[in-house]
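Structure file model_8.cif with mmCIF, C-alpha atoms and all ligand atoms:
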data_model
#
loop_
_atom_site.label_atom_id
_atom_site.label_comp_id
_atom_site.auth_asym_id
_atom_site.auth_seq_id
_atom_site.Cartn_x
_atom_site.Cartn_y
_atom_site.Cartn_z
CA MET W 167 -22.25 102.62 235.56
CA THR W 168 -23.18 99.23 234.08
CA HIS W 169 -21.43 95.95 234.72
CA ALA W 170 -20.87 95.56 231.00
CA SER W 171 -17.38 96.98 231.12
CA LEU W 172 -16.10 95.98 234.56
CA LEU W 173 -13.91 93.12 233.29
CA HIS W 174 -12.44 95.48 230.73
CA ARG W 175 -11.86 98.18 233.33
CA ILE W 176 -10.11 95.76 235.70
CA THR W 177 -7.64 94.75 233.01
CA ASP W 178 -7.33 98.29 231.59
CA TYR W 179 -3.90 99.75 232.29
CA ALA W 180 -5.49 103.15 233.00
CA ASN W 181 -6.81 101.70 236.30
CA ARG W 182 -3.65 99.92 237.37
CA ALA W 183 -2.61 102.45 240.05
CA ASN W 184 -5.87 102.01 241.94
CA PRO W 185 -8.07 99.05 240.99
CA TYR W 186 -9.70 98.86 244.44
CA PRO W 187 -12.90 100.85 243.64
CA LEU W 188 -13.45 98.41 240.75
CA TYR W 189 -13.09 95.47 243.12
CA GLU W 190 -15.67 97.07 245.41
CA GLU W 191 -18.01 97.18 242.43
CA LEU W 192 -17.16 93.56 241.62
CA ARG W 193 -18.09 92.36 245.13
CA ARG W 194 -21.64 93.67 244.63
CA THR W 195 -22.23 90.76 242.19
CA PRO W 196 -21.47 87.27 243.58
CA VAL W 197 -20.39 85.95 240.19
CA LEU W 198 -19.75 88.39 237.36
CA HIS W 199 -20.10 87.03 233.83
CA GLU W 200 -20.23 89.75 231.19
CA GLU W 201 -19.51 88.12 227.85
CA ASP W 202 -20.37 84.83 226.21
CA GLY W 203 -17.26 82.70 226.45
CA GLY W 204 -15.71 85.18 228.88
CA PRO W 205 -14.54 84.36 232.40
CA TYR W 206 -16.67 84.20 235.56
CA LEU W 207 -15.23 86.63 238.12
CA VAL W 208 -15.51 86.06 241.86
CA GLY W 209 -14.48 88.79 244.31
CA SER W 210 -15.87 87.95 247.77
CA TYR W 211 -13.52 86.50 250.35
CA TRP W 212 -15.56 83.48 251.44
CA ASP W 213 -16.55 82.54 247.88
CA ILE W 214 -12.92 82.72 246.69
CA LEU W 215 -11.73 80.68 249.64
CA GLY W 216 -14.42 78.06 249.02
CA LEU W 217 -13.53 77.79 245.33
CA LEU W 218 -9.79 77.53 246.01
CA HIS W 219 -10.60 74.43 248.05
CA ASP W 220 -13.21 73.03 245.66
CA PRO W 221 -12.10 69.91 243.74
CA ARG W 222 -14.61 70.83 241.01
CA ILE W 223 -12.33 73.61 239.82
CA SER W 224 -9.25 72.58 237.94
CA SER W 225 -5.86 74.18 237.28
CA ASP W 226 -5.03 71.68 234.56
CA ALA W 227 -3.62 73.36 231.45
CA GLY W 228 -5.59 70.98 229.23
CA ASN W 229 -8.92 71.95 230.82
CA LEU W 230 -8.05 75.63 230.51
CA ALA W 231 -7.25 75.20 226.84
CA ALA W 232 -10.59 73.44 226.34
CA ALA W 233 -12.31 76.43 228.01
CA GLY W 234 -10.64 78.76 225.52
CA ALA W 235 -7.87 80.18 227.69
CA ASP W 236 -4.36 80.59 226.46
CA GLU W 237 -2.94 78.04 228.85
CA GLY W 238 -2.88 75.13 226.55
CA VAL W 239 0.61 75.71 225.27
CA GLY W 240 1.44 72.07 225.60
CA ALA W 241 4.45 69.85 225.47
CA GLU W 242 4.26 69.46 221.72
CA GLU W 243 4.72 73.20 221.18
CA THR W 244 7.18 74.13 223.92
CA GLY W 245 8.90 70.83 224.51
CA LEU W 246 7.99 71.16 228.20
CA PRO W 247 5.11 69.51 230.09
CA PRO W 248 3.00 71.80 232.33
CA SER W 249 4.50 72.60 235.73
CA PHE W 250 2.62 71.63 238.89
CA ILE W 251 0.87 75.01 239.14
CA ARG W 252 -1.04 73.90 236.00
CA LEU W 253 -1.78 70.34 237.13
CA ASP W 254 -4.46 68.71 239.30
CA PRO W 255 -3.96 65.88 241.79
CA PRO W 256 -2.53 63.30 241.81
CA GLU W 257 0.22 64.63 239.45
CA HIS W 258 0.28 68.03 241.14
CA ASP W 259 0.76 66.49 244.57
CA ARG W 260 3.50 64.12 243.47
CA LEU W 261 5.59 66.86 241.83
CA ARG W 262 5.01 69.36 244.63
CA ARG W 263 6.06 66.74 247.21
CA ILE W 264 9.29 66.02 245.35
CA ALA W 265 10.03 69.74 245.00
CA ASN W 266 9.32 70.19 248.71
CA ARG W 267 11.99 67.69 249.66
CA SER W 268 14.65 70.09 248.40
CA PHE W 269 12.93 73.26 249.63
CA GLY W 270 11.62 72.30 253.06
CA PRO W 271 7.90 71.90 253.79
CA PRO W 272 5.94 75.13 254.38
CA HIS W 273 5.92 74.91 258.16
CA CYS W 274 9.48 73.69 258.50
CA PRO W 275 11.40 75.66 255.88
CA ARG W 276 14.83 74.48 256.93
CA ARG W 277 16.67 75.58 253.82
CA ILE W 278 15.01 78.99 253.91
CA ASP W 279 15.65 79.69 257.56
CA ALA W 280 19.29 78.76 257.08
CA MET W 281 19.47 81.49 254.43
CA ARG W 282 18.55 84.31 256.84
CA GLY W 283 22.13 85.57 257.24
CA GLU W 284 22.80 85.31 253.53
CA LEU W 285 19.65 87.28 252.72
CA ALA W 286 20.65 90.01 255.18
CA ASP W 287 24.10 90.22 253.55
CA ILE W 288 22.62 90.61 250.06
CA VAL W 289 20.31 93.38 251.33
CA SER W 290 23.19 95.18 253.10
CA GLY W 291 25.29 95.00 249.94
CA LEU W 292 22.54 96.51 247.82
CA ILE W 293 21.89 99.35 250.29
CA ASP W 294 25.65 100.04 250.63
CA GLY W 295 25.66 100.27 246.83
CA PHE W 296 23.40 103.38 246.99
CA GLY W 297 26.64 105.18 248.01
CA ASP W 298 26.24 108.94 248.26
CA ALA W 299 23.07 109.03 246.18
CA ARG W 300 20.13 111.05 247.48
CA GLN W 301 17.63 109.34 245.23
CA ILE W 302 17.09 105.75 244.04
CA ASP W 303 14.73 103.70 241.96
CA VAL W 304 13.61 101.11 244.49
CA VAL W 305 12.70 98.64 241.73
CA ASP W 306 15.88 98.63 239.64
CA GLN W 307 18.35 99.18 242.46
CA PHE W 308 16.84 97.00 245.14
CA ALA W 309 13.51 95.18 244.85
CA TYR W 310 14.36 93.40 241.57
CA PRO W 311 18.06 92.48 242.08
CA PHE W 312 17.46 91.14 245.61
CA PRO W 313 15.00 88.27 244.89
CA VAL W 314 16.74 87.48 241.58
CA THR W 315 20.02 86.96 243.43
CA VAL W 316 18.27 84.82 246.04
CA ILE W 317 16.41 82.53 243.63
CA CYS W 318 19.56 82.12 241.51
CA ARG W 319 21.56 81.00 244.54
CA LEU W 320 18.79 78.74 245.77
CA LEU W 321 18.33 77.02 242.42
CA GLY W 322 21.98 77.11 241.41
CA VAL W 323 21.49 79.35 238.36
CA PRO W 324 24.48 81.68 237.69
CA ARG W 325 23.49 85.23 238.72
CA GLU W 326 25.49 86.71 235.85
CA ASP W 327 23.12 84.97 233.40
CA GLU W 328 20.25 87.22 234.52
CA PRO W 329 20.28 89.42 231.38
CA ARG W 330 19.97 86.23 229.29
CA PHE W 331 17.07 84.65 231.15
CA ARG W 332 15.35 88.01 231.74
CA ALA W 333 14.77 88.25 227.99
CA TRP W 334 12.86 84.91 228.10
CA VAL W 335 11.11 85.52 231.43
CA GLU W 336 9.60 88.84 230.30
CA PRO W 337 7.37 87.48 227.50
CA ILE W 338 6.32 84.53 229.66
CA VAL W 339 5.26 86.84 232.49
CA ALA W 340 3.55 89.21 230.03
CA SER W 341 1.52 86.27 228.72
CA LEU W 342 -0.07 85.95 232.20
CA ASP W 343 -1.67 89.37 231.72
CA PRO W 344 -5.24 88.81 230.49
CA GLN W 345 -5.16 92.01 228.46
CA THR W 346 -2.40 90.65 226.26
CA GLN W 347 -4.40 87.47 225.68
CA THR W 348 -6.67 89.16 223.17
CA GLY W 349 -6.02 91.53 220.32
CA GLU W 350 -4.45 91.81 216.94
CA ASN W 351 -0.99 90.58 217.78
CA GLU W 352 -2.17 87.45 219.52
CA ALA W 353 -0.59 84.96 217.12
CA GLU W 354 2.70 86.81 217.24
CA ARG W 355 2.60 87.03 221.01
CA LEU W 356 1.79 83.33 221.40
CA GLN W 357 4.71 82.54 219.16
CA SER W 358 7.12 84.64 221.20
CA THR W 359 5.89 83.10 224.49
CA ARG W 360 6.44 79.61 223.07
CA GLU W 361 9.87 80.55 221.80
CA ALA W 362 10.79 82.04 225.18
CA ARG W 363 9.71 78.87 227.01
CA VAL W 364 11.73 76.73 224.61
CA GLN W 365 14.82 78.91 225.08
CA LEU W 366 14.50 79.05 228.85
CA GLY W 367 13.97 75.26 228.90
CA LEU W 368 17.09 74.70 226.78
CA TYR W 369 19.13 77.02 228.96
CA LEU W 370 18.05 75.20 232.14
CA ALA W 371 18.57 71.80 230.48
CA GLU W 372 22.28 72.57 230.17
CA LEU W 373 22.51 73.45 233.86
CA VAL W 374 20.51 70.36 234.83
CA GLU W 375 22.81 68.06 232.85
CA GLN W 376 25.82 69.65 234.45
CA ARG W 377 24.31 69.14 237.97
CA ARG W 378 23.53 65.54 237.16
CA ARG W 379 27.24 65.00 236.46
CA GLU W 380 28.44 67.16 239.36
CA PRO W 381 25.74 67.74 241.97
CA GLY W 382 26.15 70.83 244.18
CA ASN W 383 24.32 72.17 247.22
CA ASP W 384 21.42 73.70 245.29
CA MET W 385 17.83 72.89 244.35
CA LEU W 386 18.58 71.93 240.74
CA SER W 387 21.00 69.31 242.01
CA GLU W 388 18.50 68.02 244.55
CA LEU W 389 15.71 67.91 241.98
CA VAL W 390 17.79 65.75 239.63
CA THR W 391 19.15 63.46 242.34
CA SER W 392 16.02 63.16 244.53
CA HIS W 393 14.92 59.55 245.04
CA GLY W 394 12.30 59.79 247.77
CA PRO W 395 9.13 57.73 248.16
CA ASP W 396 7.67 59.38 245.04
CA GLY W 397 10.60 58.34 242.89
CA PRO W 398 12.60 60.81 240.77
CA MET W 399 11.19 63.52 238.52
CA THR W 400 11.73 62.96 234.82
CA THR W 401 14.17 65.38 233.19
CA MET W 402 11.24 67.19 231.56
CA GLU W 403 9.51 67.51 234.94
CA VAL W 404 12.69 68.91 236.47
CA LEU W 405 12.84 71.48 233.68
CA SER W 406 9.24 72.68 233.97
CA THR W 407 9.56 72.80 237.78
CA SER W 408 12.75 74.88 237.44
CA VAL W 409 11.10 77.30 235.00
CA LEU W 410 8.22 77.70 237.46
CA LEU W 411 10.49 78.27 240.46
CA LEU W 412 12.78 80.66 238.64
CA ILE W 413 9.89 82.85 237.49
CA ALA W 414 7.58 82.58 240.54
CA GLY W 415 10.63 83.05 242.75
CA HIS W 416 11.30 86.63 241.76
CA GLU W 417 8.52 88.16 239.65
CA THR W 418 6.19 88.34 242.63
CA THR W 419 8.58 89.24 245.44
CA VAL W 420 9.79 92.33 243.55
CA ASN W 421 6.22 93.64 243.74
CA LEU W 422 5.78 92.80 247.41
CA ILE W 423 8.91 94.76 248.34
CA THR W 424 8.04 97.70 246.06
CA ASN W 425 4.36 97.81 247.10
CA GLY W 426 5.67 97.61 250.65
CA MET W 427 7.95 100.61 250.38
CA LEU W 428 5.25 102.59 248.55
CA THR W 429 2.66 101.82 251.23
CA LEU W 430 5.02 102.54 254.13
CA LEU W 431 5.94 105.90 252.59
CA ARG W 432 2.26 106.68 252.24
CA TYR W 433 1.77 105.75 255.92
CA PRO W 434 5.02 107.10 257.43
CA GLU W 435 3.94 106.46 261.03
CA PHE W 436 4.28 102.73 260.32
CA LEU W 437 7.64 103.26 258.62
CA ARG W 438 8.86 104.95 261.81
CA LYS W 439 7.42 102.17 263.96
CA LEU W 440 9.13 99.57 261.80
CA ARG W 441 12.44 101.43 262.12
CA ASP W 442 12.14 101.42 265.91
CA ASP W 443 10.89 97.83 266.11
CA PRO W 444 12.12 95.50 263.31
CA GLY W 445 9.94 92.77 264.85
CA LEU W 446 6.93 94.59 263.38
CA ALA W 447 8.12 93.45 259.93
CA VAL W 448 6.22 90.16 260.28
CA ASN W 449 2.87 91.95 260.64
CA VAL W 450 3.75 94.63 258.10
CA VAL W 451 4.40 91.97 255.45
CA GLU W 452 1.19 90.06 256.24
CA GLU W 453 -0.87 93.25 256.09
CA LEU W 454 0.80 94.16 252.77
CA LEU W 455 -0.12 90.77 251.35
CA ARG W 456 -3.70 91.61 252.25
CA TYR W 457 -3.75 95.31 251.36
CA GLU W 458 -1.59 95.36 248.18
CA PRO W 459 -1.18 91.73 247.08
CA PRO W 460 1.39 91.19 244.29
CA VAL W 461 -0.82 88.50 242.72
CA GLN W 462 -4.09 90.35 242.27
CA LEU W 463 -6.06 87.54 240.71
CA VAL W 464 -5.81 83.89 239.78
CA PRO W 465 -7.12 83.53 236.23
CA GLN W 466 -6.07 79.91 235.70
CA ARG W 467 -9.07 77.89 236.85
CA THR W 468 -11.76 75.94 234.97
CA SER W 469 -14.97 74.37 236.32
CA ILE W 470 -15.08 70.63 235.65
CA ALA W 471 -18.71 70.40 236.87
CA ASP W 472 -21.57 72.89 237.28
CA ILE W 473 -20.82 74.89 240.45
CA GLU W 474 -23.34 77.00 242.31
CA VAL W 475 -22.09 80.11 244.08
CA ARG W 476 -24.74 82.03 246.05
CA GLY W 477 -27.49 80.89 243.74
CA VAL W 478 -25.55 81.52 240.52
CA THR W 479 -24.50 78.53 238.43
CA ILE W 480 -21.05 78.52 236.88
CA PRO W 481 -21.47 75.95 234.10
CA LYS W 482 -19.02 73.12 233.58
CA GLY W 483 -16.15 74.11 231.27
CA SER W 484 -16.08 77.81 232.25
CA ARG W 485 -13.03 79.87 232.97
CA ILE W 486 -13.02 81.34 236.49
CA TRP W 487 -11.02 84.30 237.77
CA LEU W 488 -10.58 84.46 241.52
CA VAL W 489 -9.83 88.08 242.37
CA LEU W 490 -7.73 87.65 245.51
CA ALA W 491 -7.16 91.39 245.92
CA ALA W 492 -10.94 91.99 246.01
CA GLY W 493 -11.43 89.24 248.61
CA ASN W 494 -8.67 90.77 250.73
CA ARG W 495 -10.69 93.97 251.07
CA ASP W 496 -14.06 92.35 251.60
CA PRO W 497 -15.87 94.14 254.46
CA GLU W 498 -17.73 90.87 255.20
CA ARG W 499 -14.36 89.46 256.22
CA PHE W 500 -12.18 92.37 257.42
CA GLU W 501 -13.11 95.34 259.52
CA ASP W 502 -12.34 98.65 257.82
CA PRO W 503 -10.67 96.78 254.93
CA ASP W 504 -9.35 99.84 253.07
CA ARG W 505 -7.24 100.88 256.05
CA PHE W 506 -3.59 99.72 256.09
CA ASP W 507 -3.03 98.59 259.65
CA PRO W 508 -0.25 96.14 260.54
CA TYR W 509 -1.67 95.99 264.08
CA ARG W 510 -4.98 94.43 263.04
CA GLY W 511 -5.41 91.22 265.02
CA ASP W 512 -6.57 89.00 262.18
CA ILE W 513 -4.79 89.10 258.81
CA GLN W 514 -5.73 85.77 257.17
CA HIS W 515 -5.26 87.18 253.67
CA LEU W 516 -5.56 85.42 250.33
CA GLY W 517 -2.26 86.89 249.04
CA PHE W 518 -0.66 83.46 248.72
CA GLY W 519 -3.85 81.78 247.50
CA SER W 520 -5.15 78.83 249.53
CA GLY W 521 -5.74 75.11 249.15
CA ILE W 522 -3.53 72.69 247.26
CA HIS W 523 -1.92 75.38 245.05
CA SER W 524 -1.21 77.83 247.89
CA CYS W 525 2.16 79.45 247.39
CA PHE W 526 5.04 77.04 247.57
CA GLY W 527 7.56 79.84 248.11
CA ALA W 528 5.66 81.68 250.86
CA PRO W 529 8.28 81.13 253.62
CA LEU W 530 11.00 82.53 251.35
CA ALA W 531 8.90 85.45 250.08
CA ARG W 532 7.92 86.40 253.64
CA LEU W 533 11.50 86.33 254.92
CA GLU W 534 12.84 88.29 251.94
CA ALA W 535 10.22 91.03 252.33
CA GLN W 536 10.64 91.22 256.12
CA ILE W 537 14.41 91.69 255.86
CA ALA W 538 14.19 94.05 252.86
CA LEU W 539 11.62 96.40 254.38
CA SER W 540 13.04 96.50 257.90
CA GLU W 541 16.51 97.28 256.52
CA LEU W 542 15.24 100.02 254.20
CA ALA W 543 13.32 101.51 257.14
CA ARG W 544 16.42 101.36 259.37
CA ARG W 545 19.03 102.65 256.95
CA LEU W 546 17.38 105.31 254.77
CA ASP W 547 17.49 108.69 256.42
CA ASP W 548 14.19 110.56 256.04
CA PRO W 549 12.93 108.76 252.90
CA ARG W 550 10.09 110.24 250.83
CA LEU W 551 8.22 109.46 247.63
CA LEU W 552 9.23 111.54 244.62
CA GLU W 553 6.32 110.41 242.45
CA ASP W 554 2.91 109.27 243.68
CA PRO W 555 1.33 107.30 242.13
CA PRO W 556 4.40 105.75 240.50
CA PRO W 557 4.30 104.31 236.96
CA TYR W 558 2.98 100.73 237.03
CA ARG W 559 3.92 97.62 235.08
CA GLN W 560 1.43 96.64 232.41
CA ASN W 561 0.47 93.35 234.10
CA ALA W 562 -2.96 93.20 235.82
CA VAL W 563 -2.26 89.83 237.44
CA LEU W 564 1.25 90.42 238.78
CA ARG W 565 0.68 94.06 239.70
CA GLY W 566 3.32 96.47 240.96
CA PRO W 567 5.19 99.69 240.16
CA ARG W 568 7.65 99.62 237.26
CA HIS W 569 9.72 102.28 239.01
CA LEU W 570 9.58 103.79 242.47
CA ALA W 571 11.57 106.99 242.88
CA VAL W 572 12.47 107.62 246.51
CA GLY W 573 14.52 110.54 247.85
CA PHE W 574 16.39 110.54 251.20
CA GLU W 575 19.04 112.47 253.10
CA GLY W 576 21.61 109.68 253.23
CA VAL W 577 22.26 106.06 254.08
CA ARG W 578 22.94 105.12 257.70
C1 LIG W 601 1.69 79.63 243.87
C2 LIG W 601 1.69 84.23 245.34
C3 LIG W 601 6.52 84.10 245.89
C4 LIG W 601 6.54 79.65 244.04
C5 LIG W 601 1.28 80.89 244.25
C6 LIG W 601 -0.11 81.32 244.30
C7 LIG W 601 -0.11 82.61 244.70
C8 LIG W 601 1.28 83.00 244.92
C9 LIG W 601 -1.31 83.52 244.87
C10 LIG W 601 -1.34 80.47 243.98
C11 LIG W 601 -1.56 80.32 242.48
C12 LIG W 601 -2.77 79.47 242.18
O1 LIG W 601 -3.58 79.18 243.06
O2 LIG W 601 -2.92 79.10 241.00
C13 LIG W 601 3.00 84.59 245.60
C14 LIG W 601 3.41 85.87 246.12
C15 LIG W 601 4.77 85.82 246.27
C16 LIG W 601 5.21 84.52 245.85
C17 LIG W 601 2.47 87.02 246.42
C18 LIG W 601 5.73 86.87 246.76
C19 LIG W 601 5.40 87.87 247.46
C20 LIG W 601 6.95 82.87 245.49
C21 LIG W 601 8.31 82.39 245.54
C22 LIG W 601 8.31 81.15 244.99
C23 LIG W 601 6.95 80.83 244.62
C24 LIG W 601 9.49 83.18 246.15
C25 LIG W 601 9.45 80.17 244.78
C26 LIG W 601 10.54 80.12 245.41
C27 LIG W 601 5.23 79.30 243.83
C28 LIG W 601 4.85 78.02 243.25
C29 LIG W 601 3.45 78.01 243.19
C30 LIG W 601 3.01 79.28 243.74
C31 LIG W 601 5.79 76.93 242.80
C32 LIG W 601 2.56 76.89 242.68
C33 LIG W 601 2.09 76.05 243.84
C34 LIG W 601 1.20 74.90 243.43
O3 LIG W 601 0.64 74.90 242.33
O4 LIG W 601 1.09 73.94 244.22
N1 LIG W 601 2.10 81.93 244.65
N2 LIG W 601 4.11 83.80 245.44
N3 LIG W 601 6.16 81.89 244.94
N4 LIG W 601 4.11 80.03 244.12
FE1 LIG W 601 4.12 81.87 244.89
#
Would you kindly transcribe this structure into structure tokens?
Amino acid sequence: MTHASLLHRITDYANRANPYPLYEELRRTPVLHEEDGGPYLVGSYWDILGLLHDPRISSDAGNLAAAGADEGVGAEETGLPPSFIRLDPPEHDRLRRIANRSFGPPHCPRRIDAMRGELADIVSGLIDGFGDARQIDVVDQFAYPFPVTVICRLLGVPREDEPRFRAWVEPIVASLDPQTQTGENEAERLQSTREARVQLGLYLAELVEQRRREPGNDMLSELVTSHGPDGPMTTMEVLSTSVLLLIAGHETTVNLITNGMLTLLRYPEFLRKLRDDPGLAVNVVEELLRYEPPVQLVPQRTSIADIEVRGVTIPKGSRIWLVLAAGNRDPERFEDPDRFDPYRGDIQHLGFGSGIHSCFGAPLARLEAQIALSELARRLDDPRLLEDPPPYRQNAVLRGPRHLAVGFEGVR
């Protein structure tokens, strides 16, 4: 097999259920560059980690647009400036610091820890809702509604508006899939992504104005009233930060919970161990973030100088894809990397990225997945997979099952 089609095969939906052999192939080449103008792919753990910390690679939407990626949808088209995930320092750091004031810094997530009881109640309610059923779709009945409810409460977005904002979130999330970034309908797709961002921005603008008049105990209120050492965010900055948090806050966690249930049902000895010892949930979730990471790759980086990686030069102005899921199974970093083993001593995965853009919501995502999986393990009597592999979502970046049919004998 030649390298000529590896990029295509990684994004090809036909390989979504098991991309890991392709990543193994990718790791054989330090930097894979198959087409003129195409991205440079990196799949080894240490190289990815180094690049995530390298100030010569940029996340700035303007640089990405210059490198030919579809990330340049700028303020003039959508009415919104880029959020901090698409900005470099110092702007990135300023906005992330302000957002952190209302969220709690990563190692002291006060707001998140205070939500533990509330999260457990939402999970119990969803599992009670299975009623007398003997079969569920884990995605639609559990893994999607749970993080949506949580991020809505955290931000202060009405939960009942979910069908409205879902219609705007879907095209935005689809636009992150590299496969949809080329092809005949590109102009149409770009148009619908822009339209969706405008609509979502307008929807959030109403809520933000209302919170400015009557602040509540939620993140939107804190974002509009925050006056820390960095000063306030502008209204436009509040809006793009809210769009980012609303989307990143649930579109990834749904996949972590679903990938988690799928993996535990494929390795039932760990499901049993988790049922007997809920404390194992911490390690189970870390190992899942390594073994089946919901964000498979980070395609939003551009080199702003020539960068040499193991003797290969990535020229200035190139698009770079950091394939986190390939790094997570790099045998140079992890022993027996294709084995799912929550008891492995060292699980320093790349599932939340690393460096200045490392996941802002990691404390929340971890807690949600720990509670969700330990409660499913405890309460479902004799669960089993009804379809393996399950049908996957189209997206190659945010990868996870679209449905996960699970049968069981009852709910405890
Ligand atoms: C960034 C993964 C949940 C908010 C990231 C990045 C990854 C990631 C890999 C780095 C992107 C990059 O380097 O360009 C995940 C996974 C999650 C999850 C796997 C769930 C399992 C969440 C949640 C929130 C969130 C629940 C919000 C409440 C963010 C934000 C950024 C980010 C705001 C941008 C950080 C920055 O640019 O400084 N996430 N995430 N994520 N995540 Fe998450």
Check your understanding: Which is closer to ligand LIG 601 (chain W) than all the others in W:Thr418, W:Gln536, W:Thr315, W:Thr407, using only C-alpha atoms and all ligand atoms?
Key ->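 Using only C-alpha atoms and all ligand atoms, ligand LIG 601 (chain W) sits closest to W:Thr418.
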Review point. For the point (12.7, 103.1, 247.1) in file coordinates, what residues are within 9 Å, counting only C-alpha atoms? Give the answer as a list in words?
Key: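 It turns out the residues near that spot are Gln301, Ile302, Asp303, Val304, Val305, Gln307, Phe308, Ala309, Thr424, Met427, Leu428, Leu542, Pro549, Arg550, Leu551, His569, Leu570, Ala571, Val572 and Gly573 of chain W.
Distance check against ligand LIG 601 (chain W) using only C-alpha atoms and all ligand atoms: of W:Ser224, W:Asn449, W:Thr391, W:Thr419, the minimum falls on W:Thr419.
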Check your understanding: Which is closer to W:Pro497 than all the others in W:Arg559, W:Arg194, W:Arg282, W:Arg252, using all atoms listed in the file?
Key ->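 The shortest atom-to-atom distance to W:Pro497 comes from W:Arg194.
The smallest atom-to-atom distance between ligand LIG 601 (chain W) and any of W:Asp502, W:Asp343, W:Glu458, W:Asp554, using all atoms listed in the file, is found for W:Glu458.
Each of W:Thr195, W:Ser171, W:Ser210, W:Ser524 was checked against ligand LIG 601 (chain W) using all atoms listed in the file; the smallest atom-to-atom distance is that of W:Ser524.
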Revision key, fill the gap. As a check of understanding: the span from atom CA of W:Val314 to atom C15 of ligand LIG 601 (chain W) is 13.0 Å
**Study point:** For ligand LIG 601 (chain W), the nearest of the candidates W:Ile522, W:Val478, W:Ile278, W:Ala471, counting all atoms listed in the file
**Key:**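 Nearest to ligand LIG 601 (chain W): W:Ile522.
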Exercise for review: Can you pull out every residue within 12 Å of W:Asp396, counting all atoms listed in the file, but drop anything in the same chain fewer than 6 positions away, and send it as a list in words?
Suggested key: Pro256, Glu257, Asp259, Arg260, Leu261, Arg262, Arg263, Ile264, Ala265, Asn266 and Arg267 of chain W
Can you write out the residues you just picked, keeping C-alpha atoms, as an mmCIF file, in the frame of the given file?
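Heads up, here's the output in again_14.cif:
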data_model
loop_
_atom_site.group_PDB
_atom_site.id
_atom_site.type_symbol
_atom_site.label_atom_id
_atom_site.label_comp_id
_atom_site.auth_asym_id
_atom_site.auth_seq_id
_atom_site.Cartn_x
_atom_site.Cartn_y
_atom_site.Cartn_z
ATOM 1 C CA PRO W 256 -2.530 63.300 241.810
ATOM 2 C CA GLU W 257 0.220 64.630 239.450
ATOM 3 C CA ASP W 259 0.760 66.490 244.570
ATOM 4 C CA ARG W 260 3.500 64.120 243.470
ATOM 5 C CA LEU W 261 5.590 66.860 241.830
ATOM 6 C CA ARG W 262 5.010 69.360 244.630
ATOM 7 C CA ARG W 263 6.060 66.740 247.210
ATOM 8 C CA ILE W 264 9.290 66.020 245.350
ATOM 9 C CA ALA W 265 10.030 69.740 245.000
ATOM 10 C CA ASN W 266 9.320 70.190 248.710
ATOM 11 C CA ARG W 267 11.990 67.690 249.660
#
Practice item. Using atom CA of W:Asp287 and atom CA of W:Ala535 as the two end points, give the distance in Å to one decimal. Key: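 Between atom CA of W:Asp287 and atom CA of W:Ala535 the gap works out to 14.0 Å.
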Practice item. Write out as number ranges by chain which residues come within 8 Å of W:Val339 when counting all atoms listed in the file, dropping same-chain ones fewer than 4 positions away. Key: W: 335, 343, 413, 417
How would the residues just picked look written out with C-alpha atoms as a CSV table (one decimal), in the frame of the given file?
chain,number,residue,atom,x,y,z
W,335,VAL,CA,11.1,85.5,231.4
W,343,ASP,CA,-1.7,89.4,231.7
W,413,ILE,CA,9.9,82.8,237.5
W,417,GLU,CA,8.5,88.2,239.6
Point to revise | Separation of atom C15 of ligand LIG 601 (chain W) from atom CA of W:Ala562 in Å | key: 14.9 Å
